[in-house]
$ cat final.json   # JSON, C-alpha atoms
[["chain", "number", "residue", "atom", "x", "y", "z"],
["A", 1, "MET", "CA", -15.83, 9.80, -0.39],
["A", 2, "PRO", "CA", -16.23, 7.09, 2.27],
["A", 3, "GLN", "CA", -17.90, 7.90, 5.54],
["A", 4, "LYS", "CA", -15.52, 9.33, 8.14],
["A", 5, "LEU", "CA", -14.85, 6.69, 10.79],
["A", 6, "SER", "CA", -12.16, 8.39, 12.89],
["A", 7, "ASN", "CA", -9.18, 10.71, 12.63],
["A", 8, "HIS", "CA", -6.79, 7.89, 13.51],
["A", 9, "LEU", "CA", -6.52, 4.95, 11.11],
["A", 10, "LYS", "CA", -4.42, 1.78, 11.48],
["A", 11, "ALA", "CA", -3.38, 1.62, 7.81],
["A", 12, "VAL", "CA", -4.19, 3.47, 4.61],
["A", 13, "ILE", "CA", -2.80, 3.20, 1.10],
["A", 14, "TYR", "CA", -1.72, 6.15, -1.00],
["A", 15, "PRO", "CA", -1.24, 5.41, -4.74],
["A", 16, "GLU", "CA", 2.08, 7.27, -5.09],
["A", 17, "ASN", "CA", 5.46, 7.63, -3.39],
["A", 18, "LEU", "CA", 5.02, 9.53, -0.13],
["A", 19, "LEU", "CA", 8.67, 10.66, -0.18],
["A", 20, "GLU", "CA", 8.51, 12.15, -3.69],
["A", 21, "ASN", "CA", 5.25, 14.00, -3.15],
["A", 22, "ASP", "CA", 5.94, 17.45, -1.71],
["A", 23, "VAL", "CA", 2.30, 18.47, -1.37],
["A", 24, "ARG", "CA", 0.21, 17.51, 1.61],
["A", 25, "ILE", "CA", -1.68, 14.26, 1.18],
["A", 26, "LEU", "CA", -5.45, 14.53, 1.34],
["A", 27, "ARG", "CA", -7.58, 11.88, 3.01],
["A", 28, "GLU", "CA", -9.66, 11.52, -0.15],
["A", 29, "HIS", "CA", -6.56, 10.24, -1.99],
["A", 30, "CYS", "CA", -6.07, 7.44, 0.54],
["A", 31, "ALA", "CA", -8.04, 4.23, 0.96],
["A", 32, "MET", "CA", -8.48, 2.20, 4.13],
["A", 33, "ILE", "CA", -6.61, -1.10, 4.36],
["A", 34, "THR", "CA", -8.67, -3.86, 5.99],
["A", 35, "GLN", "CA", -6.17, -6.69, 5.54],
["A", 36, "PHE", "CA", -2.42, -6.64, 4.94],
["A", 37, "SER", "CA", 0.25, -9.33, 4.75],
["A", 38, "TYR", "CA", 3.58, -9.68, 3.03],
["A", 39, "GLN", "CA", 6.35, -12.19, 2.62],
["A", 40, "CYS", "CA", 9.96, -11.33, 1.86],
["A", 41, "SER", "CA", 12.63, -13.98, 2.31],
["A", 42, "ARG", "CA", 16.08, -14.84, 0.99],
["A", 43, "SER", "CA", 18.32, -17.80, 1.82],
["A", 44, "ARG", "CA", 21.57, -16.88, 3.58],
["A", 45, "ASN", "CA", 24.59, -18.92, 4.58],
["A", 46, "ASP", "CA", 26.20, -18.97, 8.04],
["A", 47, "ALA", "CA", 28.24, -15.85, 7.22],
["A", 48, "GLY", "CA", 25.06, -13.98, 6.27],
["A", 49, "TYR", "CA", 25.64, -13.83, 2.52],
["A", 50, "PRO", "CA", 22.64, -14.45, 0.25],
["A", 51, "TYR", "CA", 22.74, -17.52, -1.96],
["A", 52, "GLY", "CA", 20.46, -19.53, -4.20],
["A", 53, "LYS", "CA", 17.40, -18.41, -6.07],
["A", 54, "THR", "CA", 15.58, -15.25, -5.10],
["A", 55, "LEU", "CA", 12.09, -16.22, -4.04],
["A", 56, "PRO", "CA", 9.15, -14.12, -5.21],
["A", 57, "SER", "CA", 8.17, -11.51, -2.63],
["A", 58, "THR", "CA", 4.54, -10.45, -2.52],
["A", 59, "ILE", "CA", 2.18, -8.22, -0.61],
["A", 60, "ASP", "CA", -1.48, -9.12, -0.32],
["A", 61, "PHE", "CA", -3.83, -6.40, 0.83],
["A", 62, "THR", "CA", -7.51, -5.61, 0.90],
["A", 63, "VAL", "CA", -8.79, -2.08, 0.40],
["A", 64, "ARG", "CA", -12.25, -0.93, 1.49],
["A", 65, "LEU", "CA", -13.77, 1.56, -0.94],
["A", 66, "GLY", "CA", -16.92, 3.61, -0.49],
["A", 67, "VAL", "CA", -16.95, 4.53, -4.18],
["A", 68, "PRO", "CA", -16.52, 1.52, -6.52],
["A", 69, "GLU", "CA", -14.93, 3.67, -9.26],
["A", 70, "ASP", "CA", -11.87, 4.06, -7.01],
["A", 71, "GLY", "CA", -11.10, 0.38, -7.64],
["A", 72, "LYS", "CA", -10.28, 1.08, -11.31],
["A", 73, "LEU", "CA", -6.77, 2.13, -10.31],
["A", 74, "TYR", "CA", -5.81, -1.43, -9.31],
["A", 75, "TYR", "CA", -7.24, -2.98, -12.48],
["A", 76, "GLU", "CA", -5.43, -0.41, -14.63],
["A", 77, "GLN", "CA", -2.15, -1.11, -12.84],
["A", 78, "MET", "CA", -2.62, -4.84, -13.40],
["A", 79, "HIS", "CA", -2.60, -4.28, -17.18],
["A", 80, "GLN", "CA", 0.52, -2.09, -17.16],
["A", 81, "ASN", "CA", 3.95, -3.38, -18.15],
["A", 82, "GLN", "CA", 5.71, -1.17, -15.64],
["A", 83, "PRO", "CA", 5.83, -1.29, -11.86],
["A", 84, "ALA", "CA", 3.41, 0.76, -9.78],
["A", 85, "THR", "CA", 4.28, 2.59, -6.57],
["A", 86, "PHE", "CA", 2.06, 2.48, -3.50],
["A", 87, "THR", "CA", 2.63, 3.83, -0.01],
["A", 88, "PHE", "CA", 1.21, 1.99, 2.99],
["A", 89, "ILE", "CA", 0.88, 4.54, 5.80],
["A", 90, "PHE", "CA", 0.50, 3.13, 9.32],
["A", 91, "ASN", "CA", -1.30, 4.89, 12.18],
["A", 92, "ALA", "CA", -2.13, 7.91, 10.05],
["A", 93, "THR", "CA", -3.74, 10.94, 11.62],
["A", 94, "PHE", "CA", -5.61, 13.44, 9.47],
["A", 95, "GLY", "CA", -6.02, 16.98, 10.72],
["A", 96, "ALA", "CA", -7.31, 20.26, 9.39],
["A", 97, "TYR", "CA", -8.73, 20.23, 5.87],
["A", 98, "GLU", "CA", -8.48, 16.40, 5.92],
["A", 99, "ARG", "CA", -4.72, 16.52, 5.24],
["A", 100, "LEU", "CA", -2.25, 13.96, 6.55],
["A", 101, "ALA", "CA", -1.01, 15.46, 9.82],
["A", 102, "ASP", "CA", 1.17, 12.66, 11.17],
["A", 103, "TYR", "CA", 1.92, 8.96, 10.86],
["A", 104, "GLU", "CA", 3.96, 6.38, 12.72],
["A", 105, "ASP", "CA", 5.75, 4.78, 9.77],
["A", 106, "ALA", "CA", 5.23, 3.89, 6.13],
["A", 107, "MET", "CA", 6.27, 1.39, 3.47],
["A", 108, "ILE", "CA", 6.80, 2.67, -0.06],
["A", 109, "VAL", "CA", 6.43, -0.37, -2.29],
["A", 110, "LYS", "CA", 7.23, -0.63, -5.98],
["A", 111, "GLY", "CA", 6.05, -3.65, -7.91],
["A", 112, "PHE", "CA", 3.63, -5.22, -10.34],
["A", 113, "VAL", "CA", -0.06, -5.74, -9.58],
["A", 114, "VAL", "CA", -0.53, -9.39, -10.52],
["A", 115, "ASP", "CA", -4.02, -10.14, -9.21],
["A", 116, "VAL", "CA", -7.13, -8.12, -8.34],
["A", 117, "GLU", "CA", -10.49, -9.39, -7.08],
["A", 118, "ASP", "CA", -13.42, -7.42, -5.79],
["A", 119, "ASP", "CA", -16.61, -8.05, -3.89],
["A", 120, "TYR", "CA", -19.40, -5.99, -2.43],
["A", 121, "THR", "CA", -20.31, -6.15, 1.23],
["A", 122, "SER", "CA", -22.73, -4.39, 3.53],
["A", 123, "ALA", "CA", -21.14, -2.08, 6.05],
["A", 124, "ASP", "CA", -21.51, -3.20, 9.67],
["A", 125, "GLY", "CA", -25.06, -2.42, 10.79],
["A", 126, "GLU", "CA", -25.75, -0.28, 7.73],
["A", 127, "ASP", "CA", -27.69, -0.69, 4.52],
["A", 128, "ALA", "CA", -24.94, 0.94, 2.43],
["A", 129, "GLU", "CA", -22.78, -1.29, 0.29],
["A", 130, "GLN", "CA", -19.03, -0.99, 0.14],
["A", 131, "MET", "CA", -16.54, -2.55, -2.20],
["A", 132, "LEU", "CA", -13.61, -4.64, -1.02],
["A", 133, "VAL", "CA", -10.71, -4.98, -3.44],
["A", 134, "HIS", "CA", -8.17, -7.76, -2.83],
["A", 135, "VAL", "CA", -4.80, -7.05, -4.48],
["A", 136, "ARG", "CA", -1.58, -9.05, -4.85],
["A", 137, "LEU", "CA", 1.57, -7.10, -5.61],
["A", 138, "LEU", "CA", 4.83, -8.71, -6.81],
["A", 139, "ILE", "CA", 7.49, -6.59, -5.11],
["A", 140, "ASN", "CA", 10.50, -4.94, -6.80],
["A", 141, "SER", "CA", 11.56, -2.79, -3.87],
["A", 142, "ILE", "CA", 10.44, -1.63, -0.44],
["A", 143, "ILE", "CA", 11.46, 1.56, 1.33],
["A", 144, "TYR", "CA", 10.67, 1.58, 5.03],
["A", 145, "ASN", "CA", 10.07, 5.15, 6.19],
["A", 146, "GLY", "CA", 10.39, 5.32, 9.97],
["A", 147, "ARG", "CA", 10.68, 8.19, 12.40],
["A", 148, "ASP", "CA", 14.47, 7.91, 12.61],
["A", 149, "ARG", "CA", 15.51, 6.94, 9.08],
["A", 150, "ASN", "CA", 14.64, 5.20, 5.84],
["A", 151, "ARG", "CA", 15.79, 1.71, 4.91],
["A", 152, "THR", "CA", 15.61, 0.35, 1.38],
["A", 153, "LEU", "CA", 15.22, -3.31, 0.47],
["A", 154, "GLU", "CA", 15.62, -3.91, -3.25],
["A", 155, "ILE", "CA", 14.24, -7.30, -4.27],
["A", 156, "TYR", "CA", 14.63, -7.05, -8.05],
["A", 157, "LYS", "CA", 16.45, -4.31, -9.88],
["A", 158, "SER", "CA", 13.85, -2.24, -11.69],
["A", 159, "ASN", "CA", 14.40, 0.25, -14.49]]
$ encode --input "final.json" --output "structure tokens"
Amino acid sequence: MPQKLSNHLKAVIYPENLLENDVRILREHCAMITQFSYQCSRSRNDAGYPYGKTLPSTIDFTVRLGVPEDGKLYYEQMHQNQPATFTFIFNATFGAYERLADYEDAMIVKGFVVDVEDDYTSADGEDAEQMLVHVRLLINSIIYNGRDRNRTLEIYKSN
């Protein structure tokens, strides 16, 4: 397990759907996100109706892993012929027994892992090496889980 940095993290990734998982999420099942960007766009006319081709929507993110074996998940998903589900949890707080206590909001993303790269880096001011995994995900759907309600954006209809 990676070294504990703080109880409050800006973004972590959980490799399942947060809304379908009834059990409490453990910190050891989450990985720290060091970089995150996504692009979703669709052409609309003056009345607001979509038209034209649907452009590919992707999420690029980098995960910092203390244990390199944890990176196998992303490589395995890349070779699957079915979409994977990941939950990006923002401003997560872990409490007693290292369980998820609270979070500000989350994005549950379903899609295909299309690219994975990794590299090793030294932790800031430490001799220990850590692995960074850069992942690109082609998005099928996004569910935004906020404090007030959930909103679903379906990019491509998935089975």
$ residues_around --input "final.json" --residues "Tyr14 (chain A)" --least-positions-apart "5" --cutoff "8 Å" --atoms "all atoms listed in the file" --output "PDB file with C-alpha atoms, in the coordinates of the input"
ATOM      1  CA  HIS A  29      -6.560  10.240  -1.990  1.00  0.00           C
ATOM      2  CA  CYS A  30      -6.070   7.440   0.540  1.00  0.00           C
ATOM      3  CA  ALA A  31      -8.040   4.230   0.960  1.00  0.00           C
ATOM      4  CA  PHE A  86       2.060   2.480  -3.500  1.00  0.00           C
ATOM      5  CA  THR A  87       2.630   3.830  -0.010  1.00  0.00           C
ATOM      6  CA  PHE A  88       1.210   1.990   2.990  1.00  0.00           C
ATOM      7  CA  ILE A  89       0.880   4.540   5.800  1.00  0.00           C
TER       8      ILE A  89
END
$ closest_residue --input "final.json" --among "A:Gly48, A:Leu55, A:Ile142, A:Ile13" --to "Ile25 (chain A)" --atoms "only C-alpha atoms"
A:Ile13
$ residues_near_point --input "final.json" --point "(-6.8, 20.2, 8.0)" --cutoff "12 Å" --atoms "only C-alpha atoms" --output "PyMOL selection string"
chain A and resi 7+24-27+93-102
$ closest_residue --input "final.json" --among "A:Asn140, A:Gln35, A:Asn45, A:Gln130" --to "Leu65 (chain A)" --atoms "all atoms listed in the file"
A:Gln130
$ atom_distance --input "final.json" --atom1 "CA of Asn81 (chain A)" --atom2 "CA of Pro56 (chain A)"
17.6 Å
$ closest_residue --input "final.json" --among "A:Leu73, A:Met131, A:Met78, A:Cys40" --to "Asp118 (chain A)" --atoms "only C-alpha atoms"
A:Met131
$ closest_residue --input "final.json" --among "A:Tyr144, A:Tyr49, A:Tyr38, A:Tyr120" --to "Gly71 (chain A)" --atoms "only C-alpha atoms"
A:Tyr120
$ atom_distance --input "final.json" --atom1 "CA of Gly66 (chain A)" --atom2 "CA of Lys10 (chain A)"
17.4 Å
$ atom_distance --input "final.json" --atom1 "CA of Asp60 (chain A)" --atom2 "CA of Ile143 (chain A)"
16.9 Å
$ closest_residue --input "final.json" --among "A:Phe90, A:Thr34, A:Thr62, A:Tyr103" --to "Asp115 (chain A)" --atoms "all atoms listed in the file"
A:Thr62
$ closest_residue --input "final.json" --among "A:Leu132, A:Ser141, A:Arg42, A:Val12" --to "Ala92 (chain A)" --atoms "all atoms listed in the file"
A:Val12
